[in-house]
file coords-v4.pdb (PDB, C-alpha atoms)
ATOM      1  CA  MET A 227      34.074 -59.483   4.859
ATOM      2  CA  CYS A 228      37.145 -57.301   5.402
ATOM      3  CA  THR A 229      40.821 -57.084   4.500
ATOM      4  CA  VAL A 230      43.762 -55.688   6.483
ATOM      5  CA  THR A 231      47.427 -55.296   5.497
ATOM      6  CA  TRP A 232      50.343 -53.248   6.800
ATOM      7  CA  TRP A 233      53.963 -52.306   6.266
ATOM      8  CA  SER A 234      56.185 -51.938   9.339
ATOM      9  CA  GLN A 235      59.487 -50.065   9.340
ATOM     10  CA  PRO A 236      61.759 -48.924  12.195
ATOM     11  CA  LEU A 237      59.772 -46.477  14.355
ATOM     12  CA  LYS A 238      56.765 -46.400  12.004
ATOM     13  CA  TYR A 239      54.057 -48.366  10.208
ATOM     14  CA  ASP A 240      51.317 -47.916   7.615
ATOM     15  CA  LEU A 241      48.096 -49.948   7.802
ATOM     16  CA  PHE A 242      45.254 -50.360   5.293
ATOM     17  CA  PHE A 243      41.800 -51.710   6.153
ATOM     18  CA  ASN A 244      38.869 -52.345   3.777
ATOM     19  CA  ARG A 245      35.535 -52.655   5.520
ATOM     20  CA  ASP A 246      32.945 -54.823   3.728
ATOM     21  CA  GLU A 247      29.346 -54.791   4.923
ATOM     22  CA  LEU A 248      25.860 -55.911   4.011
ATOM     23  CA  LYS A 249      23.896 -53.321   2.077
ATOM     24  CA  THR A 250      21.238 -53.385   4.790
ATOM     25  CA  ARG A 251      23.656 -51.800   7.303
ATOM     26  CA  LYS A 252      23.375 -48.098   8.045
ATOM     27  CA  PRO A 253      26.160 -45.796   6.799
ATOM     28  CA  ALA A 254      29.066 -45.349   9.187
ATOM     29  CA  TYR A 255      30.072 -42.060  10.786
ATOM     30  CA  PRO A 256      33.489 -40.785   9.627
ATOM     31  CA  PRO A 257      36.431 -40.903  12.037
ATOM     32  CA  GLU A 258      36.869 -38.296  14.745
ATOM     33  CA  VAL A 259      39.103 -37.738  17.757
ATOM     34  CA  CYS A 260      37.536 -39.173  20.916
ATOM     35  CA  LYS A 261      38.706 -39.897  24.452
ATOM     36  CA  LEU A 262      38.400 -42.952  26.711
ATOM     37  CA  ASN A 263      39.695 -42.799  30.289
ATOM     38  CA  GLY A 264      41.890 -39.853  29.372
ATOM     39  CA  VAL A 265      43.357 -41.517  26.252
ATOM     40  CA  ASN A 266      42.853 -39.851  22.867
ATOM     41  CA  TYR A 267      42.030 -42.035  19.883
ATOM     42  CA  ILE A 268      40.695 -41.732  16.339
ATOM     43  CA  ALA A 269      37.894 -44.006  15.134
ATOM     44  CA  PRO A 270      34.950 -44.116  12.756
ATOM     45  CA  LYS A 271      31.662 -45.286  14.261
ATOM     46  CA  ASP A 272      29.246 -47.978  13.121
ATOM     47  CA  GLY A 273      25.865 -46.559  12.146
ATOM     48  CA  ASP A 274      23.901 -49.449  13.637
ATOM     49  CA  PHE A 275      25.430 -49.986  17.092
ATOM     50  CA  SER A 276      27.863 -47.049  17.571
ATOM     51  CA  GLY A 277      30.889 -49.303  17.978
ATOM     52  CA  THR A 278      33.894 -49.361  15.665
ATOM     53  CA  TRP A 279      35.906 -51.814  13.586
ATOM     54  CA  ILE A 280      39.186 -49.883  13.815
ATOM     55  CA  PHE A 281      40.936 -47.264  15.950
ATOM     56  CA  VAL A 282      44.390 -45.804  16.552
ATOM     57  CA  ASN A 283      45.214 -44.156  19.879
ATOM     58  CA  GLN A 284      47.819 -41.724  21.206
ATOM     59  CA  TYR A 285      50.170 -44.596  22.081
ATOM     60  CA  GLY A 286      50.360 -45.570  18.414
ATOM     61  CA  LEU A 287      48.261 -48.712  18.990
ATOM     62  CA  THR A 288      45.919 -49.696  16.173
ATOM     63  CA  LEU A 289      43.313 -52.413  16.692
ATOM     64  CA  SER A 290      41.066 -53.668  13.894
ATOM     65  CA  LEU A 291      38.397 -56.366  13.869
ATOM     66  CA  LEU A 292      37.311 -58.874  11.218
ATOM     67  CA  ASN A 293      34.409 -61.310  11.501
ATOM     68  CA  TYR A 294      35.387 -64.989  11.792
ATOM     69  CA  TYR A 295      32.689 -66.479   9.584
ATOM     70  CA  SER A 296      33.647 -70.167   9.524
ATOM     71  CA  ALA A 297      33.325 -70.347  13.321
ATOM     72  CA  ASP A 298      29.984 -68.542  13.206
ATOM     73  CA  VAL A 299      27.831 -71.073  11.374
ATOM     74  CA  ASN A 300      26.644 -73.316  14.227
ATOM     75  CA  LEU A 301      26.062 -70.703  16.904
ATOM     76  CA  PRO A 302      22.651 -70.504  18.605
ATOM     77  CA  ASP A 303      20.243 -67.868  17.380
ATOM     78  CA  VAL A 304      20.562 -65.515  20.350
ATOM     79  CA  GLN A 305      21.093 -61.800  20.806
ATOM     80  CA  PHE A 306      24.849 -61.160  20.785
ATOM     81  CA  THR A 307      26.575 -57.918  21.757
ATOM     82  CA  SER A 308      28.050 -55.985  18.835
ATOM     83  CA  ARG A 309      31.731 -56.800  18.357
ATOM     84  CA  GLY A 310      32.355 -53.152  17.519
ATOM     85  CA  LEU A 311      31.576 -52.227  21.122
ATOM     86  CA  LEU A 312      34.316 -54.618  22.248
ATOM     87  CA  VAL A 313      36.849 -52.872  20.005
ATOM     88  CA  LEU A 314      35.788 -49.470  21.308
ATOM     89  CA  SER A 315      36.218 -50.608  24.932
ATOM     90  CA  LEU A 316      39.918 -51.305  24.228
ATOM     91  CA  ALA A 317      40.714 -47.851  22.856
ATOM     92  CA  ASP A 318      42.625 -46.793  25.991
ATOM     93  CA  CYS A 319      45.070 -49.737  25.949
ATOM     94  CA  ARG A 320      48.763 -48.856  25.691
ATOM     95  CA  ASN A 321      50.171 -52.110  24.337
ATOM     96  CA  TYR A 322      49.454 -55.733  23.395
ATOM     97  CA  LYS A 323      49.791 -56.938  26.990
ATOM     98  CA  GLU A 324      46.991 -54.657  28.149
ATOM     99  CA  VAL A 325      44.773 -55.771  25.259
ATOM    100  CA  ASN A 326      45.464 -59.420  26.051
ATOM    101  CA  ASN A 327      44.770 -58.980  29.768
ATOM    102  CA  ARG A 328      41.473 -57.239  29.032
ATOM    103  CA  LEU A 329      40.365 -59.945  26.601
ATOM    104  CA  ILE A 330      41.213 -62.731  29.042
ATOM    105  CA  LYS A 331      39.103 -61.125  31.767
ATOM    106  CA  LEU A 332      36.082 -60.464  29.552
ATOM    107  CA  ASN A 333      33.145 -62.805  28.991
ATOM    108  CA  LEU A 334      33.686 -63.205  25.260
ATOM    109  CA  SER A 335      30.750 -65.597  24.885
ATOM    110  CA  VAL A 336      28.486 -62.566  24.386
ATOM    111  CA  TYR A 337      30.287 -61.854  21.072
ATOM    112  CA  ARG A 338      30.227 -63.712  17.792
ATOM    113  CA  PRO A 339      33.617 -65.112  16.655
ATOM    114  CA  PHE A 340      36.189 -62.570  15.530
ATOM    115  CA  TYR A 341      39.763 -61.852  14.551
ATOM    116  CA  LEU A 342      41.431 -58.902  16.266
ATOM    117  CA  VAL A 343      44.607 -57.450  14.744
ATOM    118  CA  GLY A 344      46.951 -55.163  16.678
ATOM    119  CA  LEU A 345      49.850 -53.036  15.476
ATOM    120  CA  LEU A 346      52.442 -50.927  17.328
ATOM    121  CA  PRO A 347      55.610 -49.144  16.152
ATOM    122  CA  ASN A 348      58.728 -51.312  16.401
ATOM    123  CA  ASN A 349      56.620 -54.436  16.949
ATOM    124  CA  GLN A 350      55.363 -57.258  14.791
ATOM    125  CA  GLY A 351      51.624 -57.345  14.314
ATOM    126  CA  HIS A 352      49.631 -59.211  16.959
ATOM    127  CA  PHE A 353      46.611 -61.422  16.247
ATOM    128  CA  TRP A 354      43.823 -62.691  18.499
ATOM    129  CA  CYS A 355      41.175 -65.209  17.459
ATOM    130  CA  TRP A 356      37.933 -65.829  19.360
ATOM    131  CA  ASP A 357      36.233 -68.938  17.953
ATOM    132  CA  ALA A 358      33.259 -68.976  20.385
ATOM    133  CA  ASN A 359      35.074 -71.488  22.602
ATOM    134  CA  ARG A 360      38.534 -70.148  23.337
ATOM    135  CA  LEU A 361      40.785 -67.156  22.736
ATOM    136  CA  ASN A 362      44.022 -67.795  20.852
ATOM    137  CA  ALA A 363      46.841 -65.305  20.290
ATOM    138  CA  GLU A 364      49.574 -65.104  17.659
ATOM    139  CA  SER A 365      52.550 -62.774  18.244
ATOM    140  CA  ASN A 366      53.750 -62.825  14.622
ATOM    141  CA  ALA A 367      50.753 -61.638  12.646
ATOM    142  CA  ASP A 368      53.065 -60.362   9.896
ATOM    143  CA  SER A 369      53.309 -63.943   8.655
ATOM    144  CA  LEU A 370      49.520 -64.042   8.115
ATOM    145  CA  LEU A 371      49.326 -61.168   5.624
ATOM    146  CA  PRO A 372      46.988 -60.410   4.065
ATOM    147  CA  ILE A 373      44.341 -61.055   6.714
ATOM    148  CA  THR A 374      40.992 -61.228   4.939
ATOM    149  CA  THR A 375      37.552 -62.748   5.478
ATOM    150  CA  SER A 376      34.366 -63.335   3.502
ATOM    151  CA  SER A 377      30.949 -64.769   4.304
ATOM    152  CA  PHE A 378      30.623 -65.846   0.660
ATOM    153  CA  GLN A 379      32.639 -68.837  -0.620
ATOM    154  CA  SER A 380      35.124 -68.056   2.118
ATOM    155  CA  LYS A 381      37.989 -70.413   1.207
ATOM    156  CA  ASP A 382      37.973 -69.498  -2.477
ATOM    157  CA  VAL A 383      37.746 -65.759  -1.822
ATOM    158  CA  ILE A 384      40.612 -65.852   0.692
ATOM    159  CA  LYS A 385      42.750 -67.892  -1.707
ATOM    160  CA  PHE A 386      42.069 -65.432  -4.540
ATOM    161  CA  ARG A 387      42.959 -62.368  -2.438
ATOM    162  CA  LYS A 388      46.135 -63.929  -1.044
ATOM    163  CA  LYS A 389      47.276 -64.784  -4.564
ATOM    164  CA  LEU A 390      46.544 -61.228  -5.690
ATOM    165  CA  TYR A 391      48.519 -59.912  -2.710
ATOM    166  CA  SER A 392      51.577 -61.988  -3.582
ATOM    167  CA  GLU A 393      51.358 -60.805  -7.200
ATOM    168  CA  THR A 394      50.921 -57.137  -6.256
ATOM    169  CA  ILE A 395      53.373 -56.645  -3.395
ATOM    170  CA  SER A 396      56.949 -56.538  -4.621
ATOM    171  CA  CYS A 397      60.152 -57.063  -2.618
ATOM    172  CA  ASN A 398      61.074 -53.426  -3.239
ATOM    173  CA  GLU A 399      60.539 -51.640   0.083
ATOM    174  CA  SER A 400      60.502 -48.187  -1.529
ATOM    175  CA  ASP A 401      57.170 -48.761  -3.299
ATOM    176  CA  ARG A 402      55.464 -50.916  -0.656
ATOM    177  CA  PHE A 403      53.001 -48.193   0.405
ATOM    178  CA  GLU A 404      51.791 -47.588  -3.153
ATOM    179  CA  LYS A 405      51.536 -51.340  -3.802
ATOM    180  CA  LEU A 406      49.361 -51.812  -0.725
ATOM    181  CA  LYS A 407      47.146 -48.949  -1.889
ATOM    182  CA  ILE A 408      46.784 -50.609  -5.311
ATOM    183  CA  PHE A 409      45.917 -53.909  -3.638
ATOM    184  CA  HIS A 410      43.177 -52.387  -1.471
ATOM    185  CA  GLU A 411      41.691 -50.399  -4.342
ATOM    186  CA  SER A 412      41.680 -53.363  -6.729
ATOM    187  CA  HIS A 413      38.286 -54.137  -8.233
ATOM    188  CA  ASN A 414      37.563 -56.801 -10.819
ATOM    189  CA  SER A 415      34.017 -56.509 -12.152
ATOM    190  CA  GLU A 416      34.085 -60.118 -13.328
ATOM    191  CA  ARG A 417      35.170 -61.344  -9.886
ATOM    192  CA  GLY A 418      33.163 -58.804  -7.895
ATOM    193  CA  ALA A 419      32.741 -60.801  -4.691
ATOM    194  CA  TYR A 420      36.374 -61.923  -4.801
ATOM    195  CA  SER A 421      37.852 -58.441  -5.238
ATOM    196  CA  VAL A 422      39.532 -56.688  -2.316
ATOM    197  CA  CYS A 423      37.322 -53.703  -3.155
ATOM    198  CA  MET A 424      34.327 -55.931  -3.662
ATOM    199  CA  ASN A 425      30.714 -55.865  -4.860
ATOM    200  CA  ARG A 426      28.009 -58.484  -4.321
ATOM    201  CA  PRO A 427      24.236 -58.255  -4.701
ATOM    202  CA  ASP A 428      23.905 -58.212  -0.905
ATOM    203  CA  ALA A 429      27.182 -56.593   0.219
ATOM    204  CA  ARG A 430      30.045 -54.331  -0.822
ATOM    205  CA  THR A 431      33.208 -52.640   0.365
ATOM    206  CA  VAL A 432      31.982 -49.484   2.091
ATOM    207  CA  SER A 433      35.242 -47.828   3.157
ATOM    208  CA  MET A 434      39.035 -47.940   3.189
ATOM    209  CA  SER A 435      41.011 -46.701   6.201
ATOM    210  CA  LYS A 436      44.721 -45.851   6.080
ATOM    211  CA  ILE A 437      46.615 -45.320   9.317
ATOM    212  CA  SER A 438      50.184 -44.033   9.438
ATOM    213  CA  VAL A 439      52.073 -43.943  12.746
ATOM    214  CA  SER A 440      55.573 -42.530  13.244
ATOM    215  CA  ASN A 441      57.569 -40.349  15.624
ATOM    216  CA  ASN A 442      56.089 -37.369  13.804
ATOM    217  CA  GLY A 443      52.541 -38.298  14.812
ATOM    218  CA  ILE A 444      49.484 -40.199  13.654
ATOM    219  CA  GLU A 445      47.409 -39.767  10.509
ATOM    220  CA  PHE A 446      44.056 -41.462   9.908
ATOM    221  CA  SER A 447      42.894 -41.236   6.300
ATOM    222  CA  TYR A 448      39.355 -42.403   5.575
ATOM    223  CA  HIS A 449      37.755 -43.062   2.178
ATOM    224  CA  SER A 450      34.084 -44.015   1.941
ATOM    225  CA  ARG A 451      32.580 -45.700  -1.118
ATOM    226  CA  GLU A 452      29.216 -44.800  -2.529
ATOM    227  CA  THR A 453      26.720 -47.425  -3.686
ATOM    228  CA  ASN A 454      27.611 -48.948  -7.073
ATOM    229  CA  GLU A 455      30.777 -46.862  -7.356
ATOM    230  CA  GLU A 456      33.978 -48.745  -8.126
ATOM    231  CA  LYS A 457      36.270 -46.103  -6.648
ATOM    232  CA  PHE A 458      36.574 -44.592  -3.185
ATOM    233  CA  SER A 459      35.606 -41.013  -2.370
ATOM    234  CA  ASP A 460      37.954 -38.160  -1.502
ATOM    235  CA  GLU A 461      39.701 -38.703   1.774
ATOM    236  CA  ILE A 462      38.970 -37.382   5.250
ATOM    237  CA  MET A 463      42.282 -36.843   7.068
ATOM    238  CA  ILE A 464      42.631 -36.569  10.865
ATOM    239  CA  SER A 465      45.903 -36.163  12.755
ATOM    240  CA  LEU A 466      46.858 -36.925  16.342
ATOM    241  CA  GLY A 467      50.088 -36.482  18.263
ATOM    242  CA  ILE A 468      51.828 -39.645  19.495
ATOM    243  CA  LEU A 469      52.765 -40.037  23.150
ATOM    244  CA  ARG A 470      56.543 -40.301  23.519
TER     245      ARG A 470
END

call {"tool": "encode", "arguments": {"input": "coords-v4.pdb", "output": "structure tokens"}}
result
Amino acid sequence: MCTVTWWSQPLKYDLFFNRDELKTRKPAYPPEVCKLNGVNYIAPKDGDFSGTWIFVNQYGLTLSLLNYYSADVNLPDVQFTSRGLLVLSLADCRNYKEVNNRLIKLNLSVYRPFYLVGLLPNNQGHFWCWDANRLNAESNADSLLPITTSSFQSKDVIKFRKKLYSETISCNESDRFEKLKIFHESHNSERGAYSVCMNRPDARTVSMSKISVSNNGIEFSYHSRETNEEKFSDEIMISLGILR
């Protein structure tokens, strides 16, 4: 139940991520600068399992995770490891190759199915899919935009959001950032579960993360969303220098 988009330019990129969660989940902790094996990164933390769904590190690598619901339906009722802990364990990777090598070596059967999206400056987005049987990778994730998931009427919701994306995002590069912001903040009360900023009786969009990476550094902007509010809260902004 999440949506990720981005806009890549020479030497920089901007990424948006809406996190959707069940209302039974604990509130997340806002992003902070942390360190893993000597590598600085910024990430919010999940209130239930202390993992994360998104981070950006000092190498300019962003990784974000979305649940792969259609591959999740026939799995045995066992105790899986939180997927957020997997994301957190990759926070010291420098590039896609390191991420891929780590994933290949891991026993992914302890995790429910997921999509993992990677972004680096001067690179196309990278996409990994774990379907509970095998790990697949796609080196041109830009062609998949927007990447979105939903546990509710999945096909229809994805179709609706992709159509909205194509209607919102213009060919004019100069206003792409603002158009992406409009897309991620869009809320239609009549199509609550379908909206990118969504509401359902059992779930809602709980936050929007914006990550900007350039030669000037890294900015992580985080907006939470209070219960029953249509709009996001004031932002929390954290900066981090990029390793040259």

call {"tool": "resolve_selection", "arguments": {"input": "coords-v4.pdb", "expression": "the PyMOL selection byres ((chain A and resi 360-376) around 7)", "output": "short mmCIF file (atom, residue, chain, number, x, y, z; two decimals) with C-alpha atoms, in the coordinates of the input"}}
result
data_model
loop_
_atom_site.label_atom_id
_atom_site.label_comp_id
_atom_site.auth_asym_id
_atom_site.auth_seq_id
_atom_site.Cartn_x
_atom_site.Cartn_y
_atom_site.Cartn_z
CA MET A 227 34.07 -59.48 4.86
CA CYS A 228 37.15 -57.30 5.40
CA THR A 229 40.82 -57.08 4.50
CA VAL A 230 43.76 -55.69 6.48
CA THR A 231 47.43 -55.30 5.50
CA LEU A 292 37.31 -58.87 11.22
CA ASN A 293 34.41 -61.31 11.50
CA GLN A 350 55.36 -57.26 14.79
CA GLY A 351 51.62 -57.34 14.31
CA HIS A 352 49.63 -59.21 16.96
CA PHE A 353 46.61 -61.42 16.25
CA TRP A 354 43.82 -62.69 18.50
CA CYS A 355 41.18 -65.21 17.46
CA TRP A 356 37.93 -65.83 19.36
CA ASP A 357 36.23 -68.94 17.95
CA ALA A 358 33.26 -68.98 20.39
CA ASN A 359 35.07 -71.49 22.60
CA SER A 377 30.95 -64.77 4.30
CA PHE A 378 30.62 -65.85 0.66
CA SER A 380 35.12 -68.06 2.12
CA VAL A 383 37.75 -65.76 -1.82
CA ILE A 384 40.61 -65.85 0.69
CA LYS A 388 46.14 -63.93 -1.04
CA TYR A 391 48.52 -59.91 -2.71
#

call {"tool": "residues_around", "arguments": {"input": "coords-v4.pdb", "residues": "segment 409-414 of chain A", "least_positions_apart": "4", "cutoff": "9 Å", "atoms": "only C-alpha atoms", "output": "ChimeraX atom specification"}}
result
/A:229-231,242-244,390-391,394-395,404-405,418-425,434,456-458

call {"tool": "write_last_selection", "arguments": {"input": "coords-v4.pdb", "atoms": "C-alpha atoms", "output": "short mmCIF file (atom, residue, chain, number, x, y, z; two decimals), keeping the file's coordinate frame"}}
result
data_model
loop_
_atom_site.label_atom_id
_atom_site.label_comp_id
_atom_site.auth_asym_id
_atom_site.auth_seq_id
_atom_site.Cartn_x
_atom_site.Cartn_y
_atom_site.Cartn_z
CA THR A 229 40.82 -57.08 4.50
CA VAL A 230 43.76 -55.69 6.48
CA THR A 231 47.43 -55.30 5.50
CA PHE A 242 45.25 -50.36 5.29
CA PHE A 243 41.80 -51.71 6.15
CA ASN A 244 38.87 -52.34 3.78
CA LEU A 390 46.54 -61.23 -5.69
CA TYR A 391 48.52 -59.91 -2.71
CA THR A 394 50.92 -57.14 -6.26
CA ILE A 395 53.37 -56.64 -3.40
CA GLU A 404 51.79 -47.59 -3.15
CA LYS A 405 51.54 -51.34 -3.80
CA GLY A 418 33.16 -58.80 -7.90
CA ALA A 419 32.74 -60.80 -4.69
CA TYR A 420 36.37 -61.92 -4.80
CA SER A 421 37.85 -58.44 -5.24
CA VAL A 422 39.53 -56.69 -2.32
CA CYS A 423 37.32 -53.70 -3.16
CA MET A 424 34.33 -55.93 -3.66
CA ASN A 425 30.71 -55.86 -4.86
CA MET A 434 39.03 -47.94 3.19
CA GLU A 456 33.98 -48.74 -8.13
CA LYS A 457 36.27 -46.10 -6.65
CA PHE A 458 36.57 -44.59 -3.18
#

call {"tool": "closest_residue", "arguments": {"input": "coords-v4.pdb", "among": "A:Ser438, A:Ser450, A:Ser276, A:Ser396", "to": "Thr288 of chain A", "atoms": "all atoms listed in the file"}}
result
A:Ser438

call {"tool": "resolve_selection", "arguments": {"input": "coords-v4.pdb", "expression": "the PyMOL selection byres ((chain A and resi 326-339) around 12)", "output": "ChimeraX atom specification"}}
result
/A:289,291-313,315-325,340-344,352-365

call {"tool": "closest_residue", "arguments": {"input": "coords-v4.pdb", "among": "A:Ile280, A:Leu466, A:Leu287, A:Ala429", "to": "Asn348 of chain A", "atoms": "only C-alpha atoms"}}
result
A:Leu287

call {"tool": "closest_residue", "arguments": {"input": "coords-v4.pdb", "among": "A:Val432, A:Ile408, A:Ile268, A:Leu346", "to": "Lys252 of chain A", "atoms": "all atoms listed in the file"}}
result
A:Val432

call {"tool": "axis_aligned_box", "arguments": {"input": "coords-v4.pdb", "around": "segment 314-326 of chain A", "padding_each_side": "4 Å", "output": "JSON"}}
result
{"center_x": 43.0, "center_y": -53.1, "center_z": 24.7, "size_x": 22.4, "size_y": 20.6, "size_z": 14.8}

call {"tool": "atom_distance", "arguments": {"input": "coords-v4.pdb", "atom1": "atom CA of Val439 of chain A", "atom2": "atom CA of Gly277 of chain A"}}
result
22.5 Å

call {"tool": "residues_around", "arguments": {"input": "coords-v4.pdb", "residues": "segment 253-256 of chain A", "least_positions_apart": "6", "cutoff": "7 Å", "atoms": "only C-alpha atoms", "output": "ChimeraX atom specification"}}
result
/A:270-273
